[in-house]
$ cat work14.cif   # mmCIF, C-alpha atoms (C1' of nucleotides)
data_protein
loop_
_atom_site.label_atom_id
_atom_site.label_comp_id
_atom_site.auth_asym_id
_atom_site.auth_seq_id
_atom_site.Cartn_x
_atom_site.Cartn_y
_atom_site.Cartn_z
CA MET A 10 14.84 -4.93 -285.57
CA THR A 11 13.68 -7.33 -288.21
CA VAL A 12 12.77 -10.72 -286.81
CA LEU A 13 12.86 -13.24 -289.65
CA PHE A 14 9.16 -12.96 -290.48
CA SER A 15 6.81 -10.04 -290.94
CA LYS A 16 4.20 -9.31 -288.28
CA LYS A 17 1.59 -10.47 -290.74
CA CYS A 18 3.30 -13.84 -291.11
CA GLU A 19 3.80 -14.16 -287.38
CA TYR A 20 0.10 -13.53 -286.74
CA ALA A 21 -0.84 -15.92 -289.52
CA LEU A 22 1.25 -18.67 -287.94
CA GLN A 23 -0.16 -18.02 -284.50
CA SER A 24 -3.72 -17.96 -285.80
CA LEU A 25 -3.34 -21.22 -287.67
CA LEU A 26 -1.70 -22.85 -284.68
CA PHE A 27 -4.64 -21.72 -282.60
CA LEU A 28 -7.10 -23.16 -285.12
CA ALA A 29 -5.15 -26.39 -285.08
CA GLU A 30 -5.13 -26.64 -281.32
CA PHE A 31 -8.86 -26.00 -280.97
CA GLN A 32 -9.93 -27.81 -284.09
CA ASP A 33 -12.52 -29.78 -282.14
CA GLU A 34 -14.48 -26.64 -281.42
CA GLY A 35 -15.19 -26.20 -285.11
CA ILE A 36 -15.52 -22.76 -286.62
CA LEU A 37 -13.88 -19.95 -284.68
CA SER A 38 -14.44 -16.27 -285.33
CA ALA A 39 -11.66 -13.78 -286.03
CA ASP A 40 -12.80 -11.93 -282.94
CA HIS A 41 -12.39 -15.01 -280.76
CA ILE A 42 -8.92 -15.74 -282.15
CA ALA A 43 -7.81 -12.13 -281.83
CA ASN A 44 -8.87 -12.01 -278.19
CA HIS A 45 -7.03 -15.15 -277.28
CA LEU A 46 -3.85 -14.20 -279.11
CA ASP A 47 -3.95 -10.54 -278.11
CA ILE A 48 -3.68 -9.40 -281.70
CA PRO A 49 -5.69 -6.56 -283.33
CA LYS A 50 -9.01 -8.06 -284.39
CA GLU A 51 -9.35 -6.32 -287.76
CA PHE A 52 -5.82 -7.30 -288.68
CA VAL A 53 -6.40 -10.97 -287.87
CA SER A 54 -9.59 -10.82 -289.87
CA LYS A 55 -7.75 -9.44 -292.88
CA ILE A 56 -4.99 -12.03 -292.63
CA LEU A 57 -7.42 -14.92 -292.28
CA ARG A 58 -9.34 -13.69 -295.31
CA SER A 59 -6.14 -13.74 -297.37
CA LEU A 60 -5.39 -17.25 -296.09
CA THR A 61 -8.90 -18.20 -297.18
CA LYS A 62 -8.14 -16.98 -300.68
CA SER A 63 -4.98 -19.05 -300.84
CA GLY A 64 -6.84 -22.09 -299.58
CA LEU A 65 -5.20 -22.74 -296.22
CA VAL A 66 -8.39 -22.06 -294.29
CA VAL A 67 -12.09 -22.10 -295.11
CA SER A 68 -14.50 -19.48 -293.92
CA GLN A 69 -18.19 -19.27 -293.16
CA ARG A 70 -20.09 -16.01 -293.21
CA GLY A 71 -23.00 -14.87 -291.11
CA LYS A 72 -23.84 -15.25 -287.48
CA THR A 73 -21.82 -18.08 -285.89
CA GLY A 74 -19.46 -17.75 -288.86
CA GLY A 75 -15.70 -17.84 -288.69
CA PHE A 76 -12.70 -19.81 -289.86
CA GLN A 77 -11.46 -23.36 -289.86
CA LEU A 78 -8.40 -25.15 -291.24
CA ALA A 79 -8.89 -26.30 -294.82
CA HIS A 80 -6.77 -29.40 -294.22
CA ALA A 81 -5.74 -31.58 -291.32
CA PRO A 82 -3.05 -29.93 -289.16
CA GLU A 83 -0.53 -32.60 -290.13
CA ARG A 84 -0.92 -31.58 -293.76
CA ILE A 85 -0.16 -27.87 -293.31
CA SER A 86 3.53 -27.06 -292.96
CA LEU A 87 4.99 -23.85 -291.59
CA MET A 88 6.51 -23.36 -295.02
CA ASP A 89 3.05 -23.36 -296.59
CA VAL A 90 2.17 -20.35 -294.46
CA ILE A 91 5.49 -18.55 -294.74
CA ALA A 92 5.71 -18.94 -298.51
CA ASP A 93 2.17 -17.66 -298.84
CA ILE A 94 2.64 -14.55 -296.74
CA ASP A 95 6.31 -13.56 -296.85
CA GLY A 96 7.65 -15.49 -299.82
CA THR A 97 10.77 -17.63 -299.87
CA ALA A 98 13.52 -15.06 -300.41
CA VAL A 99 14.86 -15.55 -296.90
CA PHE A 100 15.62 -19.17 -297.77
CA GLU A 101 17.19 -18.41 -301.11
CA ASP A 102 19.02 -15.09 -301.27
CA CYS A 103 22.63 -14.64 -300.22
CA LEU A 104 22.73 -11.78 -297.75
CA PHE A 105 26.39 -11.27 -297.07
CA CYS A 106 27.70 -11.17 -300.59
CA HIS A 107 28.47 -8.10 -302.56
CA PRO A 108 25.77 -7.57 -305.15
CA SER A 109 27.95 -9.31 -307.70
CA CYS A 110 27.84 -12.60 -305.80
CA ASN A 111 26.14 -15.52 -307.47
CA PRO A 112 26.46 -19.31 -307.53
CA ASP A 113 29.09 -19.12 -310.30
CA ALA A 114 31.27 -16.63 -308.41
CA PRO A 115 30.26 -17.22 -304.79
CA CYS A 116 31.51 -15.23 -301.85
CA PRO A 117 33.44 -17.15 -299.20
CA VAL A 118 30.41 -17.82 -297.01
CA HIS A 119 28.04 -18.54 -299.86
CA GLU A 120 28.16 -22.29 -299.31
CA THR A 121 27.84 -22.05 -295.57
CA TRP A 122 24.98 -19.64 -295.69
CA SER A 123 23.24 -21.85 -298.23
CA LEU A 124 23.61 -24.70 -295.80
CA MET A 125 21.97 -22.71 -293.03
CA GLN A 126 19.19 -21.69 -295.39
CA ASN A 127 18.62 -25.28 -296.39
CA GLN A 128 18.41 -26.35 -292.78
CA LEU A 129 15.92 -23.62 -291.99
CA SER A 130 13.90 -24.40 -295.09
CA HIS A 131 13.96 -28.09 -294.27
CA LEU A 132 12.77 -27.42 -290.74
CA MET A 133 9.89 -25.26 -291.96
CA LYS A 134 8.84 -27.76 -294.59
CA ASN A 135 8.92 -30.67 -292.17
CA THR A 136 7.24 -28.96 -289.28
CA HIS A 137 3.46 -29.11 -289.45
CA LEU A 138 0.74 -27.52 -287.40
CA ASP A 139 0.05 -30.73 -285.51
CA ASN A 140 3.57 -30.61 -284.07
CA PHE A 141 2.40 -27.68 -281.96
CA ILE A 142 -0.59 -29.40 -280.43
CA PRO A 143 0.26 -30.25 -276.80
CA GLY A 144 1.12 -33.90 -276.40
CA GLN A 145 2.62 -34.33 -279.83
CA SER A 146 5.97 -36.04 -280.14
CA LEU A 147 9.14 -34.13 -280.98
CA HIS A 148 10.85 -37.01 -282.75
CA GLN A 149 10.49 -35.68 -286.24
CA PHE A 150 11.96 -32.32 -285.24
CA GLN A 151 15.02 -33.60 -283.53
CA GLN A 152 15.78 -35.77 -286.50
CA ASP A 153 15.45 -32.86 -288.89
CA VAL A 154 17.61 -30.45 -287.02
CA ASN A 155 20.38 -32.94 -286.45
CA ALA A 156 20.24 -34.34 -289.97
CA MET B 12 8.98 -9.94 -297.39
CA THR B 13 11.24 -9.64 -294.40
CA VAL B 14 14.67 -11.13 -295.00
CA LEU B 15 16.26 -11.82 -291.64
CA PHE B 16 18.06 -8.49 -291.45
CA SER B 17 17.01 -4.93 -292.14
CA LYS B 18 18.30 -3.12 -295.22
CA LYS B 19 20.37 -0.97 -292.92
CA CYS B 20 22.05 -4.04 -291.43
CA GLU B 21 22.58 -5.58 -294.83
CA TYR B 22 24.28 -2.42 -296.11
CA ALA B 23 26.33 -2.20 -292.93
CA LEU B 24 27.59 -5.76 -293.42
CA GLN B 25 28.38 -5.17 -297.07
CA SER B 26 30.17 -1.91 -296.31
CA LEU B 27 32.32 -3.45 -293.59
CA LEU B 28 33.12 -6.43 -295.79
CA PHE B 29 34.20 -3.98 -298.46
CA LEU B 30 36.39 -2.09 -296.00
CA ALA B 31 37.90 -5.39 -294.89
CA GLU B 32 38.64 -6.52 -298.42
CA PHE B 33 40.32 -3.26 -299.41
CA GLN B 34 41.91 -2.51 -296.10
CA ASP B 35 45.28 -1.97 -297.76
CA GLU B 36 43.99 1.07 -299.55
CA GLY B 37 43.49 2.87 -296.24
CA ILE B 38 40.66 5.35 -295.78
CA LEU B 39 37.78 4.96 -298.21
CA SER B 40 35.02 7.52 -298.67
CA ALA B 41 31.32 6.76 -298.31
CA ASP B 42 30.94 7.84 -301.91
CA HIS B 43 33.52 5.32 -303.08
CA ILE B 44 31.92 2.49 -301.10
CA ALA B 45 28.42 3.39 -302.22
CA ASN B 46 29.47 3.39 -305.87
CA HIS B 47 31.08 -0.02 -305.65
CA LEU B 48 28.21 -1.60 -303.75
CA ASP B 49 25.48 0.15 -305.70
CA ILE B 50 23.84 1.48 -302.55
CA PRO B 51 22.49 5.01 -302.01
CA LYS B 52 25.43 7.18 -301.06
CA GLU B 53 23.77 9.25 -298.36
CA PHE B 54 22.39 6.14 -296.74
CA VAL B 55 25.79 4.45 -296.60
CA SER B 56 27.22 7.65 -295.19
CA LYS B 57 24.62 7.71 -292.43
CA ILE B 58 25.11 4.04 -291.59
CA LEU B 59 28.89 4.37 -291.45
CA ARG B 60 28.53 7.36 -289.16
CA SER B 61 26.45 5.32 -286.75
CA LEU B 62 29.03 2.53 -286.91
CA THR B 63 31.65 5.15 -286.09
CA LYS B 64 29.69 6.10 -282.99
CA SER B 65 29.53 2.51 -281.84
CA GLY B 66 33.23 2.08 -282.49
CA LEU B 67 33.32 -0.49 -285.28
CA VAL B 68 34.88 1.94 -287.74
CA VAL B 69 36.87 5.13 -287.43
CA SER B 70 36.31 8.17 -289.60
CA GLN B 71 38.38 11.03 -290.85
CA ARG B 72 36.87 14.30 -291.95
CA GLY B 73 37.97 16.73 -294.58
CA LYS B 74 39.15 16.28 -298.14
CA THR B 75 40.55 12.74 -298.62
CA GLY B 76 38.53 11.78 -295.53
CA GLY B 77 36.48 8.61 -295.18
CA PHE B 78 36.17 5.46 -293.12
CA GLN B 79 38.33 2.59 -292.00
CA LEU B 80 37.83 -0.47 -289.81
CA ALA B 81 38.50 0.26 -286.15
CA HIS B 82 39.88 -3.25 -285.60
CA ALA B 83 41.48 -6.00 -287.62
CA PRO B 84 38.93 -7.87 -289.78
CA GLU B 85 39.50 -11.05 -287.80
CA ARG B 86 38.37 -9.25 -284.65
CA ILE B 87 35.01 -8.04 -286.00
CA SER B 88 32.30 -10.70 -286.08
CA LEU B 89 29.09 -10.55 -288.05
CA MET B 90 27.30 -10.62 -284.69
CA ASP B 91 29.06 -7.40 -283.67
CA VAL B 92 27.46 -5.67 -286.61
CA ILE B 93 24.07 -7.34 -286.38
CA ALA B 94 23.70 -6.73 -282.66
CA ASP B 95 24.66 -3.10 -283.16
CA ILE B 96 22.18 -2.40 -285.95
CA ASP B 97 19.26 -4.83 -285.61
CA GLY B 98 19.64 -6.15 -282.10
CA THR B 99 19.59 -9.79 -281.05
CA ALA B 100 15.86 -10.53 -280.83
CA VAL B 101 15.97 -12.77 -283.86
CA PHE B 102 18.36 -15.06 -281.99
CA GLU B 103 16.38 -15.06 -278.75
CA ASP B 104 12.63 -14.73 -279.22
CA CYS B 105 10.34 -17.70 -279.87
CA LEU B 106 8.30 -16.85 -282.94
CA PHE B 107 5.92 -19.74 -283.23
CA CYS B 108 4.56 -19.82 -279.74
CA HIS B 109 1.41 -18.28 -278.54
CA PRO B 110 2.21 -15.13 -276.61
CA SER B 111 2.00 -17.12 -273.41
CA CYS B 112 4.94 -19.31 -274.38
CA ASN B 113 8.06 -19.09 -272.24
CA PRO B 114 10.91 -21.37 -271.16
CA ASP B 115 8.85 -22.66 -268.21
CA ALA B 116 5.87 -23.58 -270.36
CA PRO B 117 7.41 -24.02 -273.79
CA CYS B 118 5.50 -24.74 -276.95
CA PRO B 119 6.32 -28.02 -278.73
CA VAL B 120 8.90 -26.48 -281.05
CA HIS B 121 10.44 -24.24 -278.47
CA GLU B 122 13.47 -26.45 -278.00
CA THR B 123 13.96 -27.05 -281.68
CA TRP B 124 13.66 -23.44 -282.57
CA SER B 125 16.08 -22.53 -279.81
CA LEU B 126 18.50 -24.98 -281.34
CA MET B 127 18.22 -23.30 -284.72
CA GLN B 128 18.67 -19.91 -283.10
CA ASN B 129 21.75 -21.09 -281.27
CA GLN B 130 23.23 -22.42 -284.48
CA LEU B 131 22.57 -19.16 -286.27
CA SER B 132 23.92 -17.14 -283.37
CA HIS B 133 26.97 -19.35 -283.17
CA LEU B 134 27.63 -18.96 -286.88
CA MET B 135 27.36 -15.17 -286.68
CA LYS B 136 29.60 -14.95 -283.63
CA ASN B 137 32.24 -17.19 -285.15
CA THR B 138 32.27 -15.66 -288.58
CA HIS B 139 34.52 -12.64 -288.86
CA LEU B 140 35.11 -10.13 -291.60
CA ASP B 141 38.37 -11.77 -292.64
CA ASN B 142 36.46 -14.91 -293.58
CA PHE B 143 35.09 -12.98 -296.54
CA ILE B 144 38.41 -11.88 -297.93
CA PRO B 145 39.14 -13.94 -301.05
CA GLY B 146 41.63 -16.69 -300.35
CA GLN B 147 40.54 -17.28 -296.77
CA SER B 148 39.87 -20.80 -295.65
CA LEU B 149 36.40 -22.10 -294.95
CA HIS B 150 37.43 -24.60 -292.32
CA GLN B 151 36.10 -22.72 -289.35
CA PHE B 152 32.71 -22.35 -291.01
CA GLN B 153 32.19 -25.93 -291.94
CA GLN B 154 33.08 -26.95 -288.42
CA ASP B 155 30.59 -24.54 -286.94
CA VAL B 156 27.69 -25.48 -289.12
CA ASN B 157 28.16 -29.18 -288.66
CA ALA B 158 28.83 -28.94 -284.95
"C1'" DG C 16 -39.26 -11.01 -291.76
"C1'" DT C 17 -36.32 -8.75 -288.53
"C1'" DT C 18 -32.27 -8.48 -285.97
"C1'" DA C 19 -27.80 -9.63 -284.58
"C1'" DT C 20 -23.44 -11.22 -285.90
"C1'" DT C 21 -19.99 -12.38 -288.95
"C1'" DT C 22 -17.12 -12.51 -293.22
"C1'" DC C 23 -15.87 -9.71 -297.53
"C1'" DG C 24 -13.42 -6.19 -299.79
"C1'" DG C 25 -11.71 -2.00 -300.49
"C1'" DA C 26 -10.40 2.52 -298.87
"C1'" DC C 27 -8.18 4.83 -295.48
"C1'" DT C 28 -4.89 6.04 -291.62
"C1'" DT C 29 -0.81 5.48 -288.92
"C1'" DA C 30 3.81 3.89 -287.97
"C1'" DT C 31 8.16 2.46 -289.41
"C1'" DT C 32 11.73 1.92 -292.58
"C1'" DT C 33 14.29 3.57 -296.28
"C1'" DA C 34 16.20 7.25 -298.68
"C1'" DT C 35 17.28 12.16 -299.70
"C1'" DC C 36 18.44 16.98 -298.78
"C1'" DC C 37 20.63 20.79 -296.75
"C1'" DT C 38 23.58 23.36 -293.83
"C1'" DG C 39 27.62 23.35 -291.08
"C1'" DT C 40 32.35 21.91 -289.88
"C1'" DT C 41 36.76 19.85 -290.89
"C1'" DT C 42 40.66 18.98 -293.66
"C1'" DT C 43 43.59 18.86 -297.76
"C1'" DA C 44 45.70 20.79 -301.65
"C1'" DA C 45 46.41 24.23 -304.93
"C1'" DT D 23 43.96 32.11 -298.46
"C1'" DT D 24 40.75 29.90 -300.94
"C1'" DA D 25 38.26 26.20 -303.09
"C1'" DA D 26 37.08 21.56 -303.10
"C1'" DA D 27 35.94 17.37 -300.91
"C1'" DA D 28 34.50 14.87 -297.18
"C1'" DC D 29 32.13 13.77 -292.61
"C1'" DA D 30 28.35 15.43 -289.00
"C1'" DG D 31 23.76 15.69 -288.12
"C1'" DG D 32 19.24 17.15 -288.25
"C1'" DA D 33 15.10 17.79 -291.32
"C1'" DT D 34 12.42 16.13 -294.80
"C1'" DA D 35 10.42 12.96 -298.30
"C1'" DA D 36 9.14 8.55 -300.22
"C1'" DA D 37 8.01 3.79 -299.77
"C1'" DT D 38 6.46 -0.01 -297.29
"C1'" DA D 39 4.33 -2.34 -293.43
"C1'" DA D 40 0.95 -2.35 -289.91
"C1'" DG D 41 -3.41 -1.40 -288.46
"C1'" DT D 42 -8.37 0.68 -288.84
"C1'" DC D 43 -12.88 1.71 -290.73
"C1'" DC D 44 -17.07 1.12 -293.18
"C1'" DG D 45 -20.72 -0.40 -296.21
"C1'" DA D 46 -22.35 -4.70 -298.20
"C1'" DA D 47 -23.57 -9.55 -298.29
"C1'" DA D 48 -24.46 -13.82 -295.83
"C1'" DT D 49 -26.33 -16.62 -292.16
"C1'" DA D 50 -28.49 -18.08 -287.75
"C1'" DA D 51 -31.74 -17.26 -284.14
"C1'" DC D 52 -35.80 -15.12 -282.67
#
$ encode --input "work14.cif" --output "structure tokens"
Amino acid sequence: MTVLFSKKCEYALQSLLFLAEFQDEGILSADHIANHLDIPKEFVSKILRSLTKSGLVVSQRGKTGGFQLAHAPERISLMDVIADIDGTAVFEDCLFCHPSCNPDAPCPVHETWSLMQNQLSHLMKNTHLDNFIPGQSLHQFQQDVNA
Amino acid sequence: MTVLFSKKCEYALQSLLFLAEFQDEGILSADHIANHLDIPKEFVSKILRSLTKSGLVVSQRGKTGGFQLAHAPERISLMDVIADIDGTAVFEDCLFCHPSCNPDAPCPVHETWSLMQNQLSHLMKNTHLDNFIPGQSLHQFQQDVNA
DNA sequence: GTTATTTCGGACTTATTTATCCTGTTTTAA
DNA sequence: TTAAAACAGGATAAATAAGTCCGAAATAAC
């Protein structure tokens, strides 16, 4: 039932994509974001606070407070978010091998799986928040996937 | 911290790969498998029992009992195992979209992500247990990944 | 200054996954 | 016939992930 990323990471991605899309509106509260994404408010709040700590967003306290991207959407990659929340094991570890498998004594699919991992990793690194804003071009994506 | 598949699925794959590799030795006990894979014995036992129910392996009770593949290794794909244990959501659901995203109103990476999912799905469907037995060719893999 | 609203941070609860235990049944071999 | 070894399966326990709560500090508007 696992779906590549943790719930936390999924919510983080969705929240940042939301912040990117409505960047013009300035600071947005956790409550506002949670309502629009249909995600538990307190959970979003907690996740955004941790993203604040790691520097991906900036926060403002007090009435009319909330969160905002720390950098331009085109400078925040999906990998930045994923690495911060879930880590990079999914892009590095060989899943199908017996425990003894390693680069020196690889299992038969080691190379192939590595290839898939590299493609995934490449896609995440080269996909930025701005690619999700309606109207953006898909050129970069198509190139990456077919590379 | 999620790594594509659940622990259960990972152990299932490793156990079946082990059964495929040592198919000549006939019935192997959960204890034997667990020892070689360094996985909790009772957990392996439980997983193999559920695989017995779904027909991927056959079991024999009593002293000298154990498990064996229900079909030839070349007829069991990784997808068979994954679909049985974890389901296929990871190959179908769009993770990056706002909840409102769907094929009719796709988010900007919908197509690209679908492509990645199809590649992954294709790889899992076209990779069979026999591909992991030492000495097997990698041709089929390389074709799939680069297709 | 007071009040309302929001982030901050930690403690807490709940749900799910992972792992273990125990009792029963089956089968083999001595 | 009996003992040992193994699967069957439900109950339980431990660990992790997901989600909630609350008091405190900050800030804007009145």
$ residues_around --input "work14.cif" --residues "Arg72 (chain B)" --least-positions-apart "3" --cutoff "7 Å" --atoms "all atoms listed in the file" --output "mmCIF file with C-alpha atoms (C1' of nucleotides), in the coordinates of the input"
data_model
loop_
_atom_site.group_PDB
_atom_site.id
_atom_site.type_symbol
_atom_site.label_atom_id
_atom_site.label_comp_id
_atom_site.auth_asym_id
_atom_site.auth_seq_id
_atom_site.Cartn_x
_atom_site.Cartn_y
_atom_site.Cartn_z
ATOM 1 C CA GLY B 76 38.530 11.780 -295.530
ATOM 2 C CA GLY B 77 36.480 8.610 -295.180
ATOM 3 C "C1'" DT C 41 36.760 19.850 -290.890
ATOM 4 C "C1'" DT C 42 40.660 18.980 -293.660
ATOM 5 C "C1'" DA D 28 34.500 14.870 -297.180
ATOM 6 C "C1'" DC D 29 32.130 13.770 -292.610
#
$ residues_near_point --input "work14.cif" --point "(23.6, 25.4, -290.8)" --cutoff "9 Å" --atoms "all atoms listed in the file" --output "short mmCIF file (atom, residue, chain, number, x, y, z; two decimals) with C-alpha atoms (C1' of nucleotides), in the coordinates of the input"
data_model
loop_
_atom_site.label_atom_id
_atom_site.label_comp_id
_atom_site.auth_asym_id
_atom_site.auth_seq_id
_atom_site.Cartn_x
_atom_site.Cartn_y
_atom_site.Cartn_z
"C1'" DC C 37 20.63 20.79 -296.75
"C1'" DT C 38 23.58 23.36 -293.83
"C1'" DG C 39 27.62 23.35 -291.08
#
$ atom_distance --input "work14.cif" --atom1 "CA of Lys16 (chain A)" --atom2 "CA of Glu103 (chain B)"
16.5 Å
$ atom_distance --input "work14.cif" --atom1 "CA of Asn142 (chain B)" --atom2 "CA of Ser123 (chain A)"
15.6 Å
$ closest_residue --input "work14.cif" --among "A:Ala29, A:Asp93, A:Asn127, A:Ile42" --to "Lys62 (chain A)" --atoms "only C-alpha atoms"
A:Asp93
$ interface_residues --input "work14.cif" --of "chain B" --to "chain C" --cutoff "12 Å" --atoms "only C-alpha atoms (C1' of nucleotides)" --output "ChimeraX atom specification"
/B:13,17-20,22,50-58,70-77
$ resolve_selection --input "work14.cif" --expression "the PyMOL selection byres ((chain D) within 10 of (chain A))" --output "list in words"
DA39, DA40, DG41, DT42, DC43, DA47, DA48, DT49, DA50 and DA51 of chain D
$ write_last_selection --input "work14.cif" --atoms "C-alpha atoms (C1' of nucleotides)" --output "mmCIF file, keeping the file's coordinate frame"
data_model
loop_
_atom_site.group_PDB
_atom_site.id
_atom_site.type_symbol
_atom_site.label_atom_id
_atom_site.label_comp_id
_atom_site.auth_asym_id
_atom_site.auth_seq_id
_atom_site.Cartn_x
_atom_site.Cartn_y
_atom_site.Cartn_z
ATOM 1 C "C1'" DA D 39 4.330 -2.340 -293.430
ATOM 2 C "C1'" DA D 40 0.950 -2.350 -289.910
ATOM 3 C "C1'" DG D 41 -3.410 -1.400 -288.460
ATOM 4 C "C1'" DT D 42 -8.370 0.680 -288.840
ATOM 5 C "C1'" DC D 43 -12.880 1.710 -290.730
ATOM 6 C "C1'" DA D 47 -23.570 -9.550 -298.290
ATOM 7 C "C1'" DA D 48 -24.460 -13.820 -295.830
ATOM 8 C "C1'" DT D 49 -26.330 -16.620 -292.160
ATOM 9 C "C1'" DA D 50 -28.490 -18.080 -287.750
ATOM 10 C "C1'" DA D 51 -31.740 -17.260 -284.140
#
$ residues_around --input "work14.cif" --residues "Gly66 (chain B)" --least-positions-apart "4" --cutoff "12 Å" --atoms "all atoms listed in the file" --output "ChimeraX atom specification"
/B:59-62,70,78-82,87,91-92,95
$ atom_distance --input "work14.cif" --atom1 "CA of Gln34 (chain B)" --atom2 "CA of Met90 (chain B)"
20.2 Å
$ closest_residue --input "work14.cif" --among "B:Ser88, B:Asn46, B:Ser65, B:Thr99" --to "chain A" --atoms "all atoms listed in the file"
B:Thr99
